[in-house]
Every structure is written in structure tokens, then in C-alpha cells.
>>> print(open('target25.cif').read())   # mmCIF, N, CA and C atoms
data_data
#
loop_
_atom_site.label_atom_id
_atom_site.label_comp_id
_atom_site.auth_asym_id
_atom_site.auth_seq_id
_atom_site.Cartn_x
_atom_site.Cartn_y
_atom_site.Cartn_z
N MET A 144 0.84 -1.19 0.00
CA MET A 144 0.00 0.00 0.00
C MET A 144 0.88 1.25 0.00
N GLY A 145 0.46 2.25 -0.73
CA GLY A 145 1.16 3.52 -0.72
C GLY A 145 0.73 4.35 0.48
N PRO A 146 1.36 5.51 0.66
CA PRO A 146 1.04 6.35 1.83
C PRO A 146 -0.43 6.72 1.93
N GLN A 147 -1.07 7.06 0.82
CA GLN A 147 -2.48 7.44 0.88
C GLN A 147 -3.36 6.27 1.26
N LEU A 148 -3.08 5.08 0.75
CA LEU A 148 -3.87 3.91 1.12
C LEU A 148 -3.62 3.52 2.57
N ASP A 149 -2.39 3.70 3.04
CA ASP A 149 -2.10 3.45 4.46
C ASP A 149 -2.94 4.37 5.34
N GLU A 150 -3.07 5.63 4.94
CA GLU A 150 -3.87 6.58 5.71
C GLU A 150 -5.34 6.21 5.68
N LEU A 151 -5.83 5.75 4.53
CA LEU A 151 -7.22 5.30 4.45
C LEU A 151 -7.45 4.08 5.33
N ALA A 152 -6.48 3.17 5.37
CA ALA A 152 -6.59 2.01 6.25
C ALA A 152 -6.63 2.44 7.71
N ASP A 153 -5.86 3.46 8.06
CA ASP A 153 -5.89 3.99 9.44
C ASP A 153 -7.24 4.61 9.76
N VAL A 154 -7.80 5.37 8.82
CA VAL A 154 -9.12 5.97 9.01
C VAL A 154 -10.16 4.87 9.19
N LEU A 155 -10.07 3.82 8.41
CA LEU A 155 -11.00 2.70 8.52
C LEU A 155 -10.92 2.06 9.90
N GLN A 156 -9.72 1.86 10.41
CA GLN A 156 -9.57 1.25 11.74
C GLN A 156 -10.22 2.12 12.81
N VAL A 157 -10.05 3.43 12.73
CA VAL A 157 -10.67 4.36 13.69
C VAL A 157 -12.19 4.31 13.57
N ALA A 158 -12.69 4.33 12.34
CA ALA A 158 -14.14 4.29 12.12
C ALA A 158 -14.74 3.00 12.68
N CYS A 159 -14.07 1.88 12.47
CA CYS A 159 -14.57 0.61 13.01
C CYS A 159 -14.59 0.66 14.54
N LYS A 160 -13.57 1.22 15.13
CA LYS A 160 -13.52 1.32 16.59
C LYS A 160 -14.63 2.23 17.12
N VAL A 161 -14.80 3.39 16.50
CA VAL A 161 -15.83 4.35 16.93
C VAL A 161 -17.22 3.74 16.82
N ASN A 162 -17.46 2.97 15.75
CA ASN A 162 -18.79 2.40 15.51
C ASN A 162 -18.97 1.02 16.12
N GLY A 163 -17.95 0.50 16.78
CA GLY A 163 -18.05 -0.84 17.34
C GLY A 163 -18.22 -1.89 16.27
N ALA A 164 -17.59 -1.65 15.11
CA ALA A 164 -17.74 -2.54 13.96
C ALA A 164 -16.65 -3.61 13.94
N ASP A 165 -17.00 -4.76 13.43
CA ASP A 165 -16.08 -5.89 13.33
C ASP A 165 -15.28 -5.88 12.04
N ARG A 166 -15.80 -5.23 11.03
CA ARG A 166 -15.18 -5.22 9.71
C ARG A 166 -15.56 -3.94 8.97
N GLY A 167 -14.87 -3.70 7.88
CA GLY A 167 -15.20 -2.51 7.11
C GLY A 167 -14.38 -2.42 5.84
N ASN A 168 -14.68 -1.42 5.04
CA ASN A 168 -13.92 -1.18 3.82
C ASN A 168 -14.03 0.27 3.41
N VAL A 169 -13.05 0.70 2.61
CA VAL A 169 -13.08 2.02 2.00
C VAL A 169 -13.09 1.80 0.50
N GLN A 170 -14.00 2.51 -0.15
CA GLN A 170 -14.10 2.47 -1.60
C GLN A 170 -13.78 3.86 -2.13
N LEU A 171 -13.10 3.92 -3.26
CA LEU A 171 -12.88 5.19 -3.95
C LEU A 171 -13.72 5.19 -5.22
N PHE A 172 -14.22 6.38 -5.56
CA PHE A 172 -15.03 6.50 -6.77
C PHE A 172 -14.13 6.52 -7.99
N ASP A 173 -14.36 5.61 -8.89
CA ASP A 173 -13.61 5.49 -10.14
C ASP A 173 -14.46 6.11 -11.25
N ARG A 174 -14.12 7.31 -11.66
CA ARG A 174 -14.91 8.01 -12.67
C ARG A 174 -14.89 7.27 -14.01
N TRP A 175 -13.78 6.64 -14.32
CA TRP A 175 -13.66 5.91 -15.59
C TRP A 175 -14.65 4.74 -15.64
N LEU A 176 -14.74 4.00 -14.52
CA LEU A 176 -15.65 2.84 -14.46
C LEU A 176 -17.05 3.21 -13.97
N GLY A 177 -17.19 4.42 -13.43
CA GLY A 177 -18.50 4.88 -12.98
C GLY A 177 -19.02 4.19 -11.73
N GLY A 178 -18.11 3.87 -10.81
CA GLY A 178 -18.55 3.23 -9.58
C GLY A 178 -17.51 3.26 -8.49
N LEU A 179 -17.84 2.64 -7.38
CA LEU A 179 -16.97 2.57 -6.20
C LEU A 179 -16.14 1.29 -6.23
N ARG A 180 -14.83 1.43 -6.01
CA ARG A 180 -13.92 0.28 -5.95
C ARG A 180 -13.33 0.16 -4.54
N ILE A 181 -13.30 -1.04 -3.99
CA ILE A 181 -12.69 -1.26 -2.68
C ILE A 181 -11.18 -1.10 -2.81
N VAL A 182 -10.61 -0.24 -1.95
CA VAL A 182 -9.16 -0.02 -1.98
C VAL A 182 -8.48 -0.50 -0.70
N THR A 183 -9.23 -0.64 0.38
CA THR A 183 -8.70 -1.22 1.61
C THR A 183 -9.86 -1.80 2.40
N HIS A 184 -9.57 -2.80 3.21
CA HIS A 184 -10.62 -3.45 3.99
C HIS A 184 -10.03 -4.10 5.22
N THR A 185 -10.90 -4.46 6.13
CA THR A 185 -10.52 -5.26 7.28
C THR A 185 -11.64 -6.24 7.57
N GLY A 186 -11.29 -7.52 7.77
CA GLY A 186 -12.25 -8.52 8.18
C GLY A 186 -13.03 -9.23 7.10
N PHE A 187 -12.78 -8.93 5.84
CA PHE A 187 -13.53 -9.57 4.76
C PHE A 187 -12.67 -10.57 4.00
N GLU A 188 -13.35 -11.57 3.41
CA GLU A 188 -12.68 -12.57 2.59
C GLU A 188 -13.09 -12.39 1.13
N ASN A 189 -12.49 -13.20 0.26
CA ASN A 189 -12.66 -13.03 -1.19
C ASN A 189 -14.09 -13.03 -1.70
N PRO A 190 -15.01 -13.87 -1.23
CA PRO A 190 -16.36 -13.80 -1.80
C PRO A 190 -16.98 -12.40 -1.68
N PHE A 191 -16.84 -11.77 -0.53
CA PHE A 191 -17.36 -10.41 -0.32
C PHE A 191 -16.60 -9.42 -1.21
N LEU A 192 -15.28 -9.49 -1.17
CA LEU A 192 -14.45 -8.54 -1.92
C LEU A 192 -14.67 -8.67 -3.43
N ASP A 193 -14.83 -9.89 -3.92
CA ASP A 193 -15.09 -10.09 -5.34
C ASP A 193 -16.46 -9.55 -5.75
N PHE A 194 -17.47 -9.81 -4.91
CA PHE A 194 -18.83 -9.38 -5.24
C PHE A 194 -18.93 -7.85 -5.27
N PHE A 195 -18.30 -7.19 -4.29
CA PHE A 195 -18.40 -5.74 -4.18
C PHE A 195 -17.19 -5.01 -4.75
N LYS A 196 -16.42 -5.67 -5.63
CA LYS A 196 -15.20 -5.02 -6.15
C LYS A 196 -15.50 -3.74 -6.93
N LEU A 197 -16.67 -3.67 -7.55
CA LEU A 197 -17.12 -2.44 -8.22
C LEU A 197 -18.61 -2.29 -7.97
N VAL A 198 -18.99 -1.24 -7.30
CA VAL A 198 -20.40 -0.96 -7.00
C VAL A 198 -20.82 0.26 -7.80
N ARG A 199 -21.83 0.04 -8.61
CA ARG A 199 -22.40 1.17 -9.35
C ARG A 199 -23.70 1.55 -8.66
N ASP A 200 -24.81 1.33 -9.32
CA ASP A 200 -26.11 1.65 -8.73
C ASP A 200 -26.80 0.35 -8.34
N ASP A 201 -26.03 -0.55 -7.75
CA ASP A 201 -26.51 -1.87 -7.37
C ASP A 201 -27.31 -1.82 -6.09
N GLY A 202 -27.92 -2.93 -5.74
CA GLY A 202 -28.73 -3.03 -4.53
C GLY A 202 -27.88 -3.21 -3.29
N SER A 203 -27.37 -2.11 -2.73
CA SER A 203 -26.54 -2.16 -1.53
C SER A 203 -26.61 -0.83 -0.79
N ALA A 204 -26.15 -0.85 0.45
CA ALA A 204 -26.15 0.38 1.26
C ALA A 204 -25.21 1.43 0.67
N CYS A 205 -24.03 0.99 0.20
CA CYS A 205 -23.09 1.97 -0.34
C CYS A 205 -23.61 2.59 -1.64
N ALA A 206 -24.34 1.80 -2.44
CA ALA A 206 -24.95 2.36 -3.66
C ALA A 206 -26.02 3.39 -3.28
N ALA A 207 -26.81 3.08 -2.25
CA ALA A 207 -27.84 4.03 -1.79
C ALA A 207 -27.20 5.30 -1.26
N ALA A 208 -26.11 5.16 -0.48
CA ALA A 208 -25.42 6.33 0.06
C ALA A 208 -24.80 7.16 -1.07
N MET A 209 -24.30 6.49 -2.10
CA MET A 209 -23.73 7.18 -3.26
C MET A 209 -24.82 8.00 -3.97
N ARG A 210 -25.99 7.39 -4.17
CA ARG A 210 -27.10 8.09 -4.83
C ARG A 210 -27.57 9.28 -4.01
N ARG A 211 -27.72 9.09 -2.70
CA ARG A 211 -28.27 10.12 -1.81
C ARG A 211 -27.27 11.19 -1.42
N GLY A 212 -25.99 10.83 -1.44
CA GLY A 212 -24.97 11.76 -0.96
C GLY A 212 -25.04 11.97 0.54
N ASP A 213 -25.52 10.96 1.26
CA ASP A 213 -25.67 11.06 2.71
C ASP A 213 -25.43 9.69 3.33
N VAL A 214 -25.18 9.68 4.62
CA VAL A 214 -24.94 8.44 5.35
C VAL A 214 -26.17 7.55 5.30
N VAL A 215 -25.94 6.25 5.13
CA VAL A 215 -27.00 5.26 5.18
C VAL A 215 -26.64 4.27 6.28
N VAL A 216 -27.58 4.05 7.21
CA VAL A 216 -27.41 3.08 8.28
C VAL A 216 -28.46 1.99 8.10
N VAL A 217 -28.00 0.75 8.05
CA VAL A 217 -28.90 -0.40 7.94
C VAL A 217 -28.74 -1.23 9.20
N ASP A 218 -29.79 -1.30 10.01
CA ASP A 218 -29.75 -2.02 11.27
C ASP A 218 -29.82 -3.54 11.10
N ASP A 219 -30.47 -4.00 10.03
CA ASP A 219 -30.61 -5.44 9.79
C ASP A 219 -30.59 -5.68 8.28
N VAL A 220 -29.45 -6.11 7.79
CA VAL A 220 -29.28 -6.36 6.36
C VAL A 220 -30.32 -7.33 5.84
N ARG A 221 -30.64 -8.36 6.63
CA ARG A 221 -31.58 -9.40 6.18
C ARG A 221 -32.97 -8.86 5.90
N ARG A 222 -33.34 -7.75 6.53
CA ARG A 222 -34.69 -7.18 6.34
C ARG A 222 -34.71 -5.90 5.51
N SER A 223 -33.55 -5.45 5.09
CA SER A 223 -33.46 -4.17 4.39
C SER A 223 -33.86 -4.27 2.92
N PRO A 224 -34.71 -3.36 2.45
CA PRO A 224 -35.07 -3.33 1.03
C PRO A 224 -33.96 -2.74 0.15
N LEU A 225 -32.90 -2.19 0.77
CA LEU A 225 -31.82 -1.59 -0.01
C LEU A 225 -30.98 -2.64 -0.74
N PHE A 226 -30.95 -3.86 -0.21
CA PHE A 226 -30.11 -4.91 -0.78
C PHE A 226 -30.90 -5.81 -1.71
N ASP A 227 -30.32 -6.08 -2.89
CA ASP A 227 -30.94 -7.09 -3.73
C ASP A 227 -30.60 -8.46 -3.15
N ARG A 228 -31.23 -9.49 -3.68
CA ARG A 228 -31.10 -10.85 -3.11
C ARG A 228 -29.63 -11.31 -3.05
N ALA A 229 -28.90 -11.13 -4.14
CA ALA A 229 -27.50 -11.59 -4.19
C ALA A 229 -26.62 -10.85 -3.19
N ALA A 230 -26.77 -9.52 -3.13
CA ALA A 230 -25.97 -8.72 -2.20
C ALA A 230 -26.31 -9.08 -0.76
N LYS A 231 -27.57 -9.28 -0.48
CA LYS A 231 -28.01 -9.65 0.87
C LYS A 231 -27.35 -10.97 1.29
N GLN A 232 -27.33 -11.95 0.38
CA GLN A 232 -26.74 -13.25 0.72
C GLN A 232 -25.24 -13.14 0.97
N ILE A 233 -24.54 -12.37 0.15
CA ILE A 233 -23.10 -12.17 0.34
C ILE A 233 -22.83 -11.49 1.68
N MET A 234 -23.63 -10.49 2.01
CA MET A 234 -23.47 -9.78 3.30
C MET A 234 -23.67 -10.74 4.46
N VAL A 235 -24.75 -11.51 4.44
CA VAL A 235 -25.05 -12.45 5.53
C VAL A 235 -23.95 -13.50 5.63
N ASP A 236 -23.52 -14.04 4.49
CA ASP A 236 -22.45 -15.04 4.49
C ASP A 236 -21.15 -14.48 5.06
N ALA A 237 -20.92 -13.18 4.86
CA ALA A 237 -19.71 -12.52 5.38
C ALA A 237 -19.87 -12.11 6.84
N GLY A 238 -21.05 -12.32 7.41
CA GLY A 238 -21.28 -11.93 8.79
C GLY A 238 -21.51 -10.44 8.97
N ALA A 239 -21.83 -9.76 7.90
CA ALA A 239 -22.09 -8.31 7.95
C ALA A 239 -23.60 -8.10 8.07
N LEU A 240 -24.09 -8.11 9.30
CA LEU A 240 -25.53 -8.06 9.53
C LEU A 240 -26.08 -6.65 9.68
N SER A 241 -25.21 -5.69 9.95
CA SER A 241 -25.61 -4.28 9.93
C SER A 241 -24.47 -3.50 9.29
N VAL A 242 -24.80 -2.34 8.75
CA VAL A 242 -23.81 -1.56 8.01
C VAL A 242 -24.10 -0.07 8.12
N GLN A 243 -23.03 0.70 8.10
CA GLN A 243 -23.13 2.15 7.95
C GLN A 243 -22.24 2.53 6.79
N SER A 244 -22.81 3.20 5.79
CA SER A 244 -22.07 3.67 4.62
C SER A 244 -22.04 5.19 4.66
N THR A 245 -20.83 5.74 4.71
CA THR A 245 -20.63 7.19 4.84
C THR A 245 -19.91 7.71 3.60
N PRO A 246 -20.58 8.55 2.80
CA PRO A 246 -19.91 9.11 1.62
C PRO A 246 -18.74 10.02 2.01
N LEU A 247 -17.68 9.94 1.25
CA LEU A 247 -16.53 10.83 1.40
C LEU A 247 -16.66 11.88 0.30
N ILE A 248 -16.98 13.10 0.72
CA ILE A 248 -17.34 14.15 -0.23
C ILE A 248 -16.42 15.35 -0.03
N THR A 249 -15.95 15.92 -1.13
CA THR A 249 -15.08 17.09 -1.06
C THR A 249 -15.88 18.31 -0.63
N SER A 250 -15.18 19.38 -0.30
CA SER A 250 -15.86 20.61 0.14
C SER A 250 -16.72 21.21 -0.97
N ASP A 251 -16.42 20.88 -2.22
CA ASP A 251 -17.26 21.39 -3.32
C ASP A 251 -18.34 20.39 -3.74
N GLY A 252 -18.56 19.34 -2.91
CA GLY A 252 -19.67 18.43 -3.14
C GLY A 252 -19.41 17.25 -4.04
N ARG A 253 -18.16 17.00 -4.40
CA ARG A 253 -17.83 15.90 -5.30
C ARG A 253 -17.57 14.62 -4.49
N LEU A 254 -18.23 13.51 -4.88
CA LEU A 254 -18.02 12.22 -4.23
C LEU A 254 -16.65 11.68 -4.61
N VAL A 255 -15.85 11.34 -3.59
CA VAL A 255 -14.54 10.74 -3.85
C VAL A 255 -14.47 9.29 -3.38
N GLY A 256 -15.40 8.91 -2.51
CA GLY A 256 -15.38 7.54 -2.03
C GLY A 256 -16.44 7.26 -0.99
N MET A 257 -16.28 6.09 -0.32
CA MET A 257 -17.26 5.65 0.67
C MET A 257 -16.51 4.92 1.79
N LEU A 258 -16.90 5.22 3.02
CA LEU A 258 -16.38 4.54 4.20
C LEU A 258 -17.51 3.67 4.73
N ASN A 259 -17.28 2.35 4.77
CA ASN A 259 -18.31 1.40 5.19
C ASN A 259 -17.84 0.64 6.42
N THR A 260 -18.67 0.65 7.46
CA THR A 260 -18.39 -0.17 8.64
C THR A 260 -19.51 -1.18 8.79
N HIS A 261 -19.14 -2.40 9.18
CA HIS A 261 -20.07 -3.52 9.25
C HIS A 261 -19.96 -4.20 10.60
N SER A 262 -21.08 -4.71 11.08
CA SER A 262 -21.08 -5.41 12.36
C SER A 262 -21.71 -6.79 12.20
N THR A 263 -21.25 -7.73 13.01
CA THR A 263 -21.82 -9.07 13.03
C THR A 263 -23.09 -9.11 13.86
N VAL A 264 -23.44 -7.96 14.44
CA VAL A 264 -24.63 -7.86 15.30
C VAL A 264 -25.69 -7.03 14.58
N ARG A 265 -26.92 -7.54 14.53
CA ARG A 265 -28.02 -6.76 13.96
C ARG A 265 -28.32 -5.58 14.87
N GLY A 266 -28.70 -4.46 14.28
CA GLY A 266 -29.15 -3.30 15.04
C GLY A 266 -28.12 -2.75 15.98
N SER A 267 -26.86 -2.80 15.58
CA SER A 267 -25.80 -2.29 16.43
C SER A 267 -26.12 -0.87 16.88
N PRO A 268 -26.31 -0.64 18.18
CA PRO A 268 -26.70 0.69 18.65
C PRO A 268 -25.64 1.74 18.42
N ARG A 269 -24.40 1.35 18.35
CA ARG A 269 -23.33 2.33 18.20
C ARG A 269 -23.29 2.93 16.81
N ALA A 270 -23.79 2.22 15.81
CA ALA A 270 -23.74 2.75 14.44
C ALA A 270 -24.54 4.03 14.33
N GLU A 271 -25.76 4.04 14.85
CA GLU A 271 -26.58 5.25 14.74
C GLU A 271 -26.08 6.34 15.66
N SER A 272 -25.70 6.00 16.87
CA SER A 272 -25.33 7.03 17.84
C SER A 272 -24.04 7.73 17.47
N ASN A 273 -23.18 7.10 16.66
CA ASN A 273 -21.91 7.71 16.30
C ASN A 273 -21.87 8.23 14.87
N THR A 274 -23.02 8.29 14.22
CA THR A 274 -23.05 8.76 12.84
C THR A 274 -22.38 10.12 12.72
N SER A 275 -22.62 11.03 13.67
CA SER A 275 -22.07 12.37 13.56
C SER A 275 -20.55 12.39 13.78
N SER A 276 -19.98 11.33 14.34
CA SER A 276 -18.54 11.30 14.57
C SER A 276 -17.77 11.25 13.26
N ILE A 277 -18.34 10.59 12.25
CA ILE A 277 -17.61 10.44 10.99
C ILE A 277 -18.44 10.81 9.79
N GLY A 278 -19.68 11.21 9.99
CA GLY A 278 -20.55 11.51 8.86
C GLY A 278 -21.49 12.65 9.17
N SER A 279 -22.60 12.63 8.50
CA SER A 279 -23.59 13.68 8.64
C SER A 279 -24.39 13.52 9.93
N PRO A 280 -24.49 14.58 10.74
CA PRO A 280 -25.25 14.47 11.97
C PRO A 280 -26.76 14.39 11.75
N THR A 281 -27.22 14.56 10.54
CA THR A 281 -28.64 14.52 10.27
C THR A 281 -29.11 13.18 9.77
N SER A 282 -28.22 12.22 9.64
CA SER A 282 -28.58 10.93 9.07
C SER A 282 -29.43 10.11 10.01
N ARG A 283 -30.26 9.28 9.43
CA ARG A 283 -31.15 8.40 10.18
C ARG A 283 -31.06 7.00 9.62
N PRO A 284 -31.36 5.98 10.44
CA PRO A 284 -31.38 4.61 9.92
C PRO A 284 -32.38 4.50 8.76
N THR A 285 -32.00 3.71 7.76
CA THR A 285 -32.84 3.62 6.56
C THR A 285 -33.26 2.22 6.22
N GLY A 286 -32.89 1.25 6.97
CA GLY A 286 -33.29 -0.08 6.56
C GLY A 286 -33.15 -1.01 7.65
#
>>> encode(input="target25.cif", output="C-alpha cells")
Amino acid sequence: MGPQLDELADVLQVACKVNGADRGNVQLFDRWLGGLRIVTHTGFENPFLDFFKLVRDDGSACAAAMRRGDVVVVDDVRRSPLFDRAAKQIMVDAGALSVQSTPLITSDGRLVGMLNTHSTVRGSPRAESNTSSIGSPTSRPTG
């Protein structure tokens, strides 16, 4: 990893700690491919990483956060309408039962990436209560 990716990995570790998350990933927006690419992660294995290697407008929390330009908190992946069937199964198989997706946006409003924290516990109370620590203080659970 280069210096910038090392820093993103450090940010991810802090975000996971703040949110009480077991795993997470950072995606950067690839304008050429028109989607989010995972550039660093913790706690995930190849099936998850392969499935989410490029997220466009797919059925997932990070796709919803990308569309909305705001934090998306999903308390129970298994019951969330944000995930399509395939994404839901990959998430459950990976033990990612709740998720918070936080857009990384420049001061001029341009999306540069996504910070995602995941928990093996449904309805993790820390995800919602710490939204303002790393994202928008106005965000609410959405699924």
C-alpha cells in the first residue's frame, strides 16, 4: 500500500472502533468505471471482496449512500429493502448483519469515495449514535 492507502486504512480502523464494527472497507469513486472500488478493507474474505469489487447503482447500502450523498445506516441487512437478493446473501455469508455507509465528499460536493463499517450484530446501537462522529449528523437509519 502507498502512503495514501495506508492513511485510508488507518481511518477505517478508527471508524470501526468508533462504531463498534467488526469489519469494514473504503471504496474510492472510479470516474472511468462509474462506480466505487474497494481499496482497503478489514475482516472480509474473497467472496465479499469479489462481489463488491465495483459498486455502481446496485442493490446495496453503499450504492444508496452514493445516490443520496448522505450516510445510510442499515440495522438489519436481512430485512433491508436496499439490498438485492444476491448482495443480501453475500453480506449475511460474510457476517455483515448491519452496516453504515458514509460518503466521502469534497468541500465542493464531489463524491470521492465511501467509508463502510459492518457489524456481526443486527441493530448495532453504536452505528446510529456515532453517525455524527464520521458523517452527517442529520442521518437516520434507513433499513
>>> closest_residue(input="target25.cif", among="A:Asp165, A:Asp213, A:Asp236, A:Asp153", to="Val264 of chain A", atoms="all atoms listed in the file")
A:Asp165
>>> atom_distance(input="target25.cif", atom1="atom N of Pro246 of chain A", atom2="atom N of Val214 of chain A")
5.1 Å
>>> select_by_dssp(input="target25.cif", residues="segment 190-236 of chain A", states="helix (DSSP H, G or I)", output="ChimeraX atom specification")
/A:190-194,204-211,220-222,228-236
>>> write_last_selection(input="target25.cif", atoms="N, CA and C atoms", output="PDB file, in the coordinates of the input")
ATOM      1  N   PRO A 190     -15.010 -13.870  -1.230  1.00  0.00           N
ATOM      2  CA  PRO A 190     -16.360 -13.800  -1.800  1.00  0.00           C
ATOM      3  C   PRO A 190     -16.980 -12.400  -1.680  1.00  0.00           C
ATOM      4  N   PHE A 191     -16.840 -11.770  -0.530  1.00  0.00           N
ATOM      5  CA  PHE A 191     -17.360 -10.410  -0.320  1.00  0.00           C
ATOM      6  C   PHE A 191     -16.600  -9.420  -1.210  1.00  0.00           C
ATOM      7  N   LEU A 192     -15.280  -9.490  -1.170  1.00  0.00           N
ATOM      8  CA  LEU A 192     -14.450  -8.540  -1.920  1.00  0.00           C
ATOM      9  C   LEU A 192     -14.670  -8.670  -3.430  1.00  0.00           C
ATOM     10  N   ASP A 193     -14.830  -9.890  -3.920  1.00  0.00           N
ATOM     11  CA  ASP A 193     -15.090 -10.090  -5.340  1.00  0.00           C
ATOM     12  C   ASP A 193     -16.460  -9.550  -5.750  1.00  0.00           C
ATOM     13  N   PHE A 194     -17.470  -9.810  -4.910  1.00  0.00           N
ATOM     14  CA  PHE A 194     -18.830  -9.380  -5.240  1.00  0.00           C
ATOM     15  C   PHE A 194     -18.930  -7.850  -5.270  1.00  0.00           C
ATOM     16  N   ALA A 204     -26.150  -0.850   0.450  1.00  0.00           N
ATOM     17  CA  ALA A 204     -26.150   0.380   1.260  1.00  0.00           C
ATOM     18  C   ALA A 204     -25.210   1.430   0.670  1.00  0.00           C
ATOM     19  N   CYS A 205     -24.030   0.990   0.200  1.00  0.00           N
ATOM     20  CA  CYS A 205     -23.090   1.970  -0.340  1.00  0.00           C
ATOM     21  C   CYS A 205     -23.610   2.590  -1.640  1.00  0.00           C
ATOM     22  N   ALA A 206     -24.340   1.800  -2.440  1.00  0.00           N
ATOM     23  CA  ALA A 206     -24.950   2.360  -3.660  1.00  0.00           C
ATOM     24  C   ALA A 206     -26.020   3.390  -3.280  1.00  0.00           C
ATOM     25  N   ALA A 207     -26.810   3.080  -2.250  1.00  0.00           N
ATOM     26  CA  ALA A 207     -27.840   4.030  -1.790  1.00  0.00           C
ATOM     27  C   ALA A 207     -27.200   5.300  -1.260  1.00  0.00           C
ATOM     28  N   ALA A 208     -26.110   5.160  -0.480  1.00  0.00           N
ATOM     29  CA  ALA A 208     -25.420   6.330   0.060  1.00  0.00           C
ATOM     30  C   ALA A 208     -24.800   7.160  -1.070  1.00  0.00           C
ATOM     31  N   MET A 209     -24.300   6.490  -2.100  1.00  0.00           N
ATOM     32  CA  MET A 209     -23.730   7.180  -3.260  1.00  0.00           C
ATOM     33  C   MET A 209     -24.820   8.000  -3.970  1.00  0.00           C
ATOM     34  N   ARG A 210     -25.990   7.390  -4.170  1.00  0.00           N
ATOM     35  CA  ARG A 210     -27.100   8.090  -4.830  1.00  0.00           C
ATOM     36  C   ARG A 210     -27.570   9.280  -4.010  1.00  0.00           C
ATOM     37  N   ARG A 211     -27.720   9.090  -2.700  1.00  0.00           N
ATOM     38  CA  ARG A 211     -28.270  10.120  -1.810  1.00  0.00           C
ATOM     39  C   ARG A 211     -27.270  11.190  -1.420  1.00  0.00           C
ATOM     40  N   VAL A 220     -29.450  -6.110   7.790  1.00  0.00           N
ATOM     41  CA  VAL A 220     -29.280  -6.360   6.360  1.00  0.00           C
ATOM     42  C   VAL A 220     -30.320  -7.330   5.840  1.00  0.00           C
ATOM     43  N   ARG A 221     -30.640  -8.360   6.630  1.00  0.00           N
ATOM     44  CA  ARG A 221     -31.580  -9.400   6.180  1.00  0.00           C
ATOM     45  C   ARG A 221     -32.970  -8.860   5.900  1.00  0.00           C
ATOM     46  N   ARG A 222     -33.340  -7.750   6.530  1.00  0.00           N
ATOM     47  CA  ARG A 222     -34.690  -7.180   6.340  1.00  0.00           C
ATOM     48  C   ARG A 222     -34.710  -5.900   5.510  1.00  0.00           C
ATOM     49  N   ARG A 228     -31.230  -9.490  -3.680  1.00  0.00           N
ATOM     50  CA  ARG A 228     -31.100 -10.850  -3.110  1.00  0.00           C
ATOM     51  C   ARG A 228     -29.630 -11.310  -3.050  1.00  0.00           C
ATOM     52  N   ALA A 229     -28.900 -11.130  -4.140  1.00  0.00           N
ATOM     53  CA  ALA A 229     -27.500 -11.590  -4.190  1.00  0.00           C
ATOM     54  C   ALA A 229     -26.620 -10.850  -3.190  1.00  0.00           C
ATOM     55  N   ALA A 230     -26.770  -9.520  -3.130  1.00  0.00           N
ATOM     56  CA  ALA A 230     -25.970  -8.720  -2.200  1.00  0.00           C
ATOM     57  C   ALA A 230     -26.310  -9.080  -0.760  1.00  0.00           C
ATOM     58  N   LYS A 231     -27.570  -9.280  -0.480  1.00  0.00           N
ATOM     59  CA  LYS A 231     -28.010  -9.650   0.870  1.00  0.00           C
ATOM     60  C   LYS A 231     -27.350 -10.970   1.290  1.00  0.00           C
ATOM     61  N   GLN A 232     -27.330 -11.950   0.380  1.00  0.00           N
ATOM     62  CA  GLN A 232     -26.740 -13.250   0.720  1.00  0.00           C
ATOM     63  C   GLN A 232     -25.240 -13.140   0.970  1.00  0.00           C
ATOM     64  N   ILE A 233     -24.540 -12.370   0.150  1.00  0.00           N
ATOM     65  CA  ILE A 233     -23.100 -12.170   0.340  1.00  0.00           C
ATOM     66  C   ILE A 233     -22.830 -11.490   1.680  1.00  0.00           C
ATOM     67  N   MET A 234     -23.630 -10.490   2.010  1.00  0.00           N
ATOM     68  CA  MET A 234     -23.470  -9.780   3.300  1.00  0.00           C
ATOM     69  C   MET A 234     -23.670 -10.740   4.460  1.00  0.00           C
ATOM     70  N   VAL A 235     -24.750 -11.510   4.440  1.00  0.00           N
ATOM     71  CA  VAL A 235     -25.050 -12.450   5.530  1.00  0.00           C
ATOM     72  C   VAL A 235     -23.950 -13.500   5.630  1.00  0.00           C
ATOM     73  N   ASP A 236     -23.520 -14.040   4.490  1.00  0.00           N
ATOM     74  CA  ASP A 236     -22.450 -15.040   4.490  1.00  0.00           C
ATOM     75  C   ASP A 236     -21.150 -14.480   5.060  1.00  0.00           C
TER      76      ASP A 236
END
>>> resolve_selection(input="target25.cif", expression="the PyMOL selection byres ((chain A and resi 180) around 6)", output="mmCIF file with N, CA and C atoms, in the coordinates of the input")
data_model
loop_
_atom_site.group_PDB
_atom_site.id
_atom_site.type_symbol
_atom_site.label_atom_id
_atom_site.label_comp_id
_atom_site.auth_asym_id
_atom_site.auth_seq_id
_atom_site.Cartn_x
_atom_site.Cartn_y
_atom_site.Cartn_z
ATOM 1 N N VAL A 169 -13.050 0.700 2.610
ATOM 2 C CA VAL A 169 -13.080 2.020 2.000
ATOM 3 C C VAL A 169 -13.090 1.800 0.500
ATOM 4 N N GLN A 170 -14.000 2.510 -0.150
ATOM 5 C CA GLN A 170 -14.100 2.470 -1.600
ATOM 6 C C GLN A 170 -13.780 3.860 -2.130
ATOM 7 N N LEU A 171 -13.100 3.920 -3.260
ATOM 8 C CA LEU A 171 -12.880 5.190 -3.950
ATOM 9 C C LEU A 171 -13.720 5.190 -5.220
ATOM 10 N N PHE A 172 -14.220 6.380 -5.560
ATOM 11 C CA PHE A 172 -15.030 6.500 -6.770
ATOM 12 C C PHE A 172 -14.130 6.520 -7.990
ATOM 13 N N ASP A 173 -14.360 5.610 -8.890
ATOM 14 C CA ASP A 173 -13.610 5.490 -10.140
ATOM 15 C C ASP A 173 -14.460 6.110 -11.250
ATOM 16 N N GLY A 178 -18.110 3.870 -10.810
ATOM 17 C CA GLY A 178 -18.550 3.230 -9.580
ATOM 18 C C GLY A 178 -17.510 3.260 -8.490
ATOM 19 N N LEU A 179 -17.840 2.640 -7.380
ATOM 20 C CA LEU A 179 -16.970 2.570 -6.200
ATOM 21 C C LEU A 179 -16.140 1.290 -6.230
ATOM 22 N N ILE A 181 -13.300 -1.040 -3.990
ATOM 23 C CA ILE A 181 -12.690 -1.260 -2.680
ATOM 24 C C ILE A 181 -11.180 -1.100 -2.810
ATOM 25 N N VAL A 182 -10.610 -0.240 -1.950
ATOM 26 C CA VAL A 182 -9.160 -0.020 -1.980
ATOM 27 C C VAL A 182 -8.480 -0.500 -0.700
ATOM 28 N N LYS A 196 -16.420 -5.670 -5.630
ATOM 29 C CA LYS A 196 -15.200 -5.020 -6.150
ATOM 30 C C LYS A 196 -15.500 -3.740 -6.930
ATOM 31 N N LEU A 197 -16.670 -3.670 -7.550
ATOM 32 C CA LEU A 197 -17.120 -2.440 -8.220
ATOM 33 C C LEU A 197 -18.610 -2.290 -7.970
ATOM 34 N N VAL A 198 -18.990 -1.240 -7.300
ATOM 35 C CA VAL A 198 -20.400 -0.960 -7.000
ATOM 36 C C VAL A 198 -20.820 0.260 -7.800
#
